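The data block below is start.cif; it holds mmCIF, C-alpha atoms.
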```
data_query
loop_
_atom_site.label_atom_id
_atom_site.label_comp_id
_atom_site.auth_asym_id
_atom_site.auth_seq_id
_atom_site.Cartn_x
_atom_site.Cartn_y
_atom_site.Cartn_z
CA MET A 1 -83.96 23.62 182.80
CA GLU A 2 -80.93 25.39 184.19
CA PHE A 3 -81.28 28.66 186.06
CA GLY A 4 -79.45 30.65 183.38
CA GLU A 5 -81.67 29.31 180.62
CA LEU A 6 -84.80 30.11 182.60
CA ALA A 7 -83.57 33.61 183.44
CA ARG A 8 -82.67 34.38 179.81
CA GLN A 9 -86.03 33.10 178.64
CA GLN A 10 -87.92 35.27 181.14
CA LEU A 11 -85.82 38.43 180.68
CA PRO A 12 -88.15 40.27 178.24
CA ARG A 13 -91.21 39.64 180.41
CA LEU A 14 -89.44 40.58 183.64
CA TYR A 15 -88.00 43.75 182.12
CA SER A 16 -91.36 44.86 180.74
CA LEU A 17 -93.00 44.30 184.12
CA ALA A 18 -90.14 46.05 185.94
CA ARG A 19 -90.50 49.11 183.68
CA GLN A 20 -94.10 49.44 184.78
CA LEU A 21 -93.24 48.94 188.43
CA VAL A 22 -90.19 51.19 188.87
CA HIS A 23 -89.64 52.76 185.45
CA GLU A 24 -86.02 53.97 185.19
CA ASP A 25 -84.72 51.48 187.77
CA ALA A 26 -86.06 48.53 185.78
CA GLU A 27 -82.70 47.00 184.94
CA ASP A 28 -81.54 47.17 188.57
CA LEU A 29 -84.79 45.63 189.72
CA VAL A 30 -84.50 42.71 187.30
CA GLN A 31 -80.92 42.07 188.42
CA GLU A 32 -81.96 42.16 192.08
CA CYS A 33 -84.78 39.74 191.28
CA LEU A 34 -82.44 37.36 189.46
CA LEU A 35 -79.91 37.49 192.29
CA LYS A 36 -82.60 36.57 194.85
CA ALA A 37 -84.02 33.91 192.55
CA HIS A 38 -80.59 32.38 192.08
CA ARG A 39 -80.03 32.26 195.82
CA SER A 40 -83.37 30.60 196.49
CA VAL A 41 -83.66 28.38 193.46
CA ASP A 42 -83.87 25.39 195.81
CA ASP A 43 -87.34 26.63 196.83
CA LEU A 44 -88.65 26.05 193.34
CA ARG A 45 -90.00 22.55 193.02
CA ASP A 46 -92.14 22.84 189.91
CA GLU A 47 -90.53 24.12 186.73
CA GLN A 48 -93.95 25.13 185.37
CA ALA A 49 -94.34 27.51 188.29
CA ALA A 50 -91.07 29.29 187.47
CA PRO A 51 -92.57 32.32 185.64
CA ALA A 52 -95.03 33.03 188.49
CA TRP A 53 -92.24 32.45 191.04
CA LEU A 54 -89.99 35.00 189.30
CA THR A 55 -92.89 37.47 189.02
CA ARG A 56 -93.52 37.18 192.76
CA ILE A 57 -89.85 37.83 193.54
CA LEU A 58 -89.79 40.83 191.19
CA VAL A 59 -92.95 42.35 192.68
CA ASN A 60 -91.58 41.82 196.21
CA CYS A 61 -88.32 43.53 195.25
CA ALA A 62 -90.34 46.48 193.91
CA ARG A 63 -92.37 46.67 197.11
CA ASP A 64 -89.17 46.69 199.18
CA ARG A 65 -88.05 49.68 197.14
CA TYR A 66 -91.34 51.48 197.70
CA ARG A 67 -90.94 50.94 201.44
CA MET A 68 -87.34 52.14 201.45
CA ARG A 69 -88.40 55.29 199.64
CA ASP A 70 -91.35 55.72 201.96
CA ARG A 71 -93.61 55.30 198.96
CA ARG A 72 -95.43 52.43 200.49
CA PRO A 73 -98.80 52.03 198.83
CA ARG A 74 -101.56 53.30 201.06
CA GLU A 75 -105.31 53.26 200.85
CA SER A 76 -105.44 57.01 200.32
CA PRO A 77 -108.62 58.89 199.62
CA LEU A 78 -109.01 59.33 195.90
CA PRO A 79 -111.42 61.35 193.88
CA ASP A 80 -114.69 59.57 193.31
CA VAL A 81 -114.28 57.83 189.99
CA GLU A 82 -116.84 55.12 190.54
CA ASP A 83 -119.25 56.61 188.02
CA PHE A 84 -116.69 57.94 185.58
CA SER A 85 -117.03 56.63 182.04
CA LEU A 86 -114.34 57.49 179.50
CA TYR A 87 -116.63 56.31 176.72
CA ARG A 88 -119.39 58.72 177.69
CA THR A 89 -116.99 61.56 178.43
CA ILE A 90 -115.55 61.28 174.92
CA ALA A 91 -119.06 61.15 173.43
CA ALA A 92 -120.20 64.17 175.45
CA GLU A 93 -117.12 66.31 174.81
CA ASP A 94 -116.91 65.23 171.15
CA PRO A 95 -113.30 66.34 170.64
CA PHE A 96 -113.19 65.33 166.96
CA PRO A 97 -116.53 66.48 165.52
CA TYR A 98 -115.79 65.24 161.99
CA SER A 99 -114.74 61.77 163.06
CA ASP A 100 -116.70 58.65 162.17
CA SER A 101 -114.85 56.66 164.82
CA LEU A 102 -114.59 59.10 167.70
CA HIS A 103 -113.60 56.66 170.43
CA LEU A 104 -110.95 54.85 168.42
CA ASP A 105 -109.56 58.18 167.25
CA PHE A 106 -109.20 59.14 170.90
CA LEU A 107 -107.15 56.01 171.66
CA CYS A 108 -105.03 56.50 168.53
CA ARG A 109 -103.81 59.82 169.92
CA PHE A 110 -101.92 57.94 172.62
CA GLY A 111 -98.46 56.60 171.89
CA PRO A 112 -96.94 53.92 174.15
CA GLU A 113 -95.06 56.64 176.10
CA ASP A 114 -98.36 58.37 176.85
CA VAL A 115 -99.95 55.15 178.09
CA TRP A 116 -96.95 54.46 180.33
CA ALA A 117 -97.04 58.02 181.65
CA VAL A 118 -100.69 57.61 182.63
CA LEU A 119 -100.02 54.21 184.21
CA ARG A 120 -97.04 55.52 186.15
CA GLY A 121 -99.21 58.28 187.56
CA LEU A 122 -101.51 55.77 189.27
CA PRO A 123 -100.87 54.90 192.91
CA GLU A 124 -98.87 51.64 193.20
CA LEU A 125 -101.74 50.04 195.03
CA TYR A 126 -103.82 50.16 191.86
CA ARG A 127 -101.12 50.19 189.20
CA VAL A 128 -99.48 46.90 190.11
CA PRO A 129 -102.68 44.78 189.85
CA LEU A 130 -103.57 46.55 186.61
CA VAL A 131 -100.14 45.92 185.09
CA LEU A 132 -100.08 42.28 186.18
CA VAL A 133 -103.56 41.46 184.92
CA HIS A 134 -103.94 43.65 181.84
CA MET A 135 -100.38 44.00 180.55
CA HIS A 136 -98.95 40.67 181.62
CA ASP A 137 -102.00 38.49 181.22
CA THR A 138 -101.81 37.21 184.78
CA ALA A 139 -104.97 35.48 186.00
CA THR A 140 -106.62 37.37 188.86
CA LYS A 141 -106.18 34.45 191.29
CA GLN A 142 -102.48 34.30 190.45
CA ALA A 143 -102.13 38.09 190.78
CA ALA A 144 -103.76 37.90 194.23
CA ARG A 145 -101.28 35.20 195.26
CA THR A 146 -98.36 37.21 193.86
CA LEU A 147 -99.41 40.27 195.86
CA GLY A 148 -100.33 38.27 198.94
CA VAL A 149 -103.87 39.66 199.14
CA PRO A 150 -107.30 37.99 199.10
CA LEU A 151 -108.94 37.72 195.67
CA GLY A 152 -111.70 40.14 196.71
CA THR A 153 -109.11 42.79 197.61
CA LEU A 154 -107.34 42.29 194.30
CA LEU A 155 -110.62 42.62 192.37
CA ALA A 156 -111.56 45.78 194.28
CA ARG A 157 -108.17 47.34 193.52
CA LEU A 158 -108.44 46.33 189.88
CA HIS A 159 -111.89 47.88 189.64
CA ARG A 160 -110.76 51.14 191.17
CA GLY A 161 -107.50 51.14 189.22
CA ARG A 162 -109.31 50.77 185.90
CA LYS A 163 -111.70 53.59 186.70
CA LEU A 164 -108.78 55.81 187.75
CA PHE A 165 -106.97 54.82 184.56
CA GLU A 166 -109.98 55.83 182.44
CA ARG A 167 -110.25 59.16 184.23
CA ASP A 168 -106.49 59.80 183.98
CA LEU A 169 -106.44 58.97 180.26
CA TRP A 170 -108.99 61.71 179.72
CA ASP A 171 -107.16 64.21 181.94
CA TYR A 172 -103.85 63.40 180.23
CA ALA A 173 -105.38 63.93 176.78
CA VAL A 174 -106.72 67.32 177.88
CA THR A 175 -103.51 68.52 179.55
CA HIS A 176 -101.19 67.20 176.82
CA ASP A 177 -103.11 68.69 173.94
CA LEU A 178 -104.05 65.35 172.40
CA LEU A 179 -107.59 66.46 171.64
CA ARG A 180 -106.72 69.08 169.08
CA GLU A 181 -108.02 68.34 165.59
CA ARG A 182 -105.11 67.56 163.31
CA THR A 183 -104.90 69.39 160.04
CA PRO A 184 -104.88 66.78 157.27
CA GLU A 185 -101.66 66.73 155.29
CA VAL A 186 -102.16 67.52 151.63
CA LYS A 187 -99.78 65.76 149.31
CA GLY A 188 -97.68 68.00 147.11
CA MET A 189 -98.28 71.08 149.23
CA PRO A 190 -95.13 73.09 149.98
CA ARG A 191 -94.20 73.15 153.69
CA MET B 192 -133.60 45.79 184.83
CA ILE B 193 -130.53 47.56 186.24
CA ARG B 194 -129.82 51.17 185.29
CA CYS B 195 -127.03 52.23 182.91
CA GLU B 196 -125.04 53.65 185.83
CA ASP B 197 -125.08 50.27 187.56
CA ALA B 198 -124.22 48.41 184.37
CA ILE B 199 -121.29 50.74 183.60
CA ARG B 200 -119.73 50.02 187.00
CA GLU B 201 -119.69 46.33 186.15
CA LEU B 202 -118.65 46.41 182.50
CA TRP B 203 -114.92 45.91 183.10
CA GLY B 204 -115.68 43.01 185.41
CA TYR B 205 -118.16 41.60 182.87
CA LEU B 206 -115.57 41.83 180.12
CA ALA B 207 -112.85 40.20 182.22
CA ASP B 208 -115.22 37.58 183.62
CA GLU B 209 -114.63 38.73 187.19
CA ILE B 210 -118.20 39.11 188.41
CA GLY B 211 -120.52 36.49 189.85
CA PRO B 212 -123.23 34.73 187.81
CA GLY B 213 -126.10 36.83 189.22
CA GLU B 214 -124.44 40.14 188.42
CA ARG B 215 -123.36 38.79 185.05
CA ARG B 216 -126.93 37.88 184.18
CA ARG B 217 -128.20 41.33 185.22
CA VAL B 218 -125.54 43.07 183.09
CA ALA B 219 -126.27 40.77 180.12
CA GLU B 220 -129.99 41.59 180.38
CA HIS B 221 -129.18 45.27 180.39
CA LEU B 222 -126.87 44.92 177.39
CA GLU B 223 -129.60 43.20 175.39
CA ALA B 224 -131.72 46.30 175.74
CA CYS B 225 -129.14 49.11 175.73
CA ARG B 226 -127.14 49.88 172.61
CA ARG B 227 -125.20 52.63 174.34
CA CYS B 228 -123.83 50.29 177.00
CA CYS B 229 -123.01 47.77 174.23
CA GLY B 230 -120.96 50.53 172.61
CA GLU B 231 -119.22 51.16 175.91
CA LEU B 232 -118.50 47.45 176.34
CA GLU B 233 -116.97 47.35 172.86
CA PHE B 234 -114.86 50.41 173.64
CA LEU B 235 -113.60 48.88 176.90
CA GLY B 236 -112.59 45.79 174.91
CA GLU B 237 -110.57 48.04 172.60
CA LEU B 238 -109.08 49.83 175.60
CA ARG B 239 -108.09 46.52 177.16
CA SER B 240 -106.32 45.40 173.97
CA PHE B 241 -104.73 48.83 173.71
CA VAL B 242 -103.23 48.56 177.23
CA ALA B 243 -102.11 44.97 176.67
CA ALA B 244 -100.22 46.06 173.54
CA ALA B 245 -98.38 48.86 175.33
CA GLY B 246 -95.83 46.59 177.04
CA GLU B 247 -92.22 47.66 176.66
CA GLN B 248 -89.66 45.72 174.67
CA LEU B 249 -86.32 44.77 176.17
CA PRO B 250 -83.67 47.02 174.53
CA SER B 251 -80.75 45.09 173.06
CA ASP B 252 -78.12 46.90 175.18
CA ALA B 253 -80.05 46.13 178.37
CA ARG B 254 -80.38 42.51 177.27
CA VAL B 255 -76.61 42.23 176.80
CA ARG B 256 -75.94 43.71 180.26
CA MET B 257 -78.45 41.43 181.95
CA GLU B 258 -77.24 38.33 180.14
CA THR B 259 -73.72 39.18 181.31
CA PHE B 260 -75.13 39.44 184.83
CA ILE B 261 -76.78 36.03 184.47
CA ALA B 262 -73.50 34.56 183.27
CA THR B 263 -71.80 36.06 186.34
CA LEU B 264 -74.40 34.42 188.57
CA GLU B 265 -73.83 31.09 186.86
CA GLY B 266 -70.07 31.50 187.19
CA SER B 267 -70.20 32.35 190.89
CA ASP B 268 -72.17 29.24 191.52
CA ASP B 269 -72.51 28.25 195.10
CA ARG B 270 -76.10 27.26 194.37
CA PRO B 271 -77.37 24.22 192.53
CA ASP B 272 -78.15 25.26 188.96
CA ALA B 273 -80.59 22.57 187.94
CA LEU B 274 -84.28 23.19 188.52
#
```
What does this structure look like when you write it as structure tokens?
Amino acid sequence: MEFGELARQQLPRLYSLARQLVHEDAEDLVQECLLKAHRSVDDLRDEQAAPAWLTRILVNCARDRYRMRDRRPRESPLPDVEDFSLYRTIAAEDPFPYSDSLHLDFLCRFGPEDVWAVLRGLPELYRVPLVLVHMHDTATKQAARTLGVPLGTLLARLHRGRKLFERDLWDYAVTHDLLRERTPEVKGMPR
Amino acid sequence: MIRCEDAIRELWGYLADEIGPGERRRVAEHLEACRRCCGELEFLGELRSFVAAAGEQLPSDARVRMETFIATLEGSDDRPDAL
């Protein structure tokens, strides 16, 4: 497969990943990734490994940007979320008392933009593993290789990232008024 | 049997098959006896699918710009283009 064909084939996946990594700079990041990939295409021996190879280049480009902006991911102290459970919080707070499917109703209040906003609010250290594994279906061993960390470190960051994500989903719903009961629309009623 | 608090900490890992066999067995034992944690496991499955479905599509204008960029790379070829 020629480089151009590979790059075109991988564009949607790379763009989606780049949006989660750097948001508004996604297009620039993908172009930087493709430029580096094109320059080092000799390093790629196995065509099957091309998607993972491109992912690694993209993630490294994003990390370079974090460093340049002094936003290097750090192991910063975070609120204790180890015991947080979104499921139980929703059940305890019962935001939609007339609902027969309380938990699903909670998720339905979130549009894609809301999910991205919550993800973008997570520290990079936890967001990148979460995006790779849960949005891009990357196996945990592959994600660890991509990020250059031991598998145990990757799993610990995933664990913490998911708990933070649960907690932040709840906080976002509270602060963005997603928990208000919606008035059912009645057909034929004048506005 | 492990407590709910301990099971909850492991549910994501259980769902994603990231925990060891011993821990997996302990969580499975707990789930057999605890309907509430089964409900939580089911919810986390929904949440996982929900996140997976939230990926962003490549807008057509961005695709055109990036394909032009790829064509430029191919045109400025000082690198071998066959993989």
Counting all atoms listed in the file, chain A residues within 6 Å of chain B, as a list in words: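 Listed by rising number, the hits are Met1, Glu2, Phe3, Pro12, Ser16, Tyr87, Pro112, His134 and Met135 of chain A.
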Shell of 10 Å around Cys108 (chain A), all atoms listed in the file, local chain residues under 5 positions omitted, as a ChimeraX atom specification: /A:102-103,178 /B:241
Go ahead and write the residues just picked, C-alpha atoms, as a PDB file, keeping the file's coordinate frame.
```pdb
ATOM      1  CA  LEU A 102    -114.590  59.100 167.700  1.00  0.00           C
ATOM      2  CA  HIS A 103    -113.600  56.660 170.430  1.00  0.00           C
ATOM      3  CA  LEU A 178    -104.050  65.350 172.400  1.00  0.00           C
TER       4      LEU A 178
ATOM      5  CA  PHE B 241    -104.730  48.830 173.710  1.00  0.00           C
TER       6      PHE B 241
END
```
Residues returned when the PyMOL selection byres ((chain A and resi 117-129) around 9) runs on this file, as number ranges by chain: A: 20-23, 59, 66, 71-76, 112-116, 130-134, 140, 143-144, 147, 154-155, 157-162, 164-165, 168-169, 172
Matched chain/residue IDs from the PyMOL selection byres ((chain A and resi 174) around 12), as a list in words: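 Taken over the shown coordinates, the PyMOL selection byres ((chain A and resi 174) around 12) returns Thr89, Ile90, Glu93, Pro95, Phe106, Arg109, Phe110, Arg167, Asp168, Leu169, Trp170, Asp171, Tyr172, Ala173, Thr175, His176, Asp177, Leu178, Leu179 and Arg180 of chain A.
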Two-atom distance - CA of Glu181 (chain A), CA of Tyr98 (chain A) (Å):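 Here the two named atoms are 9.1 Å from each other.
Coordinates place CA of Leu6 (chain A) at a distance of 8.6 Å from CA of Pro51 (chain A).
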CA of Leu29 (chain A) to CA of Val149 (chain A), distance in Å rounded to a single decimal: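 So the answer is 22.1 Å.
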Using all atoms listed in the file: which of B:Ala198, B:Leu206, B:Gly236, B:Val255 has the shortest distance to His221 (chain B): B:Ala198
As a CSV table (one decimal) with C-alpha atoms, keeping the file's coordinate frame, please: the residues near Ala37 (chain A) (cut-off 9 Å, all atoms listed in the file, same-chain neighbours under 3 positions excluded).
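out-v3.csv, freshly written:
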```
chain,number,residue,atom,x,y,z
A,3,PHE,CA,-81.3,28.7,186.1
A,32,GLU,CA,-82.0,42.2,192.1
A,33,CYS,CA,-84.8,39.7,191.3
A,34,LEU,CA,-82.4,37.4,189.5
A,40,SER,CA,-83.4,30.6,196.5
A,41,VAL,CA,-83.7,28.4,193.5
A,53,TRP,CA,-92.2,32.4,191.0
A,54,LEU,CA,-90.0,35.0,189.3
A,57,ILE,CA,-89.8,37.8,193.5
```
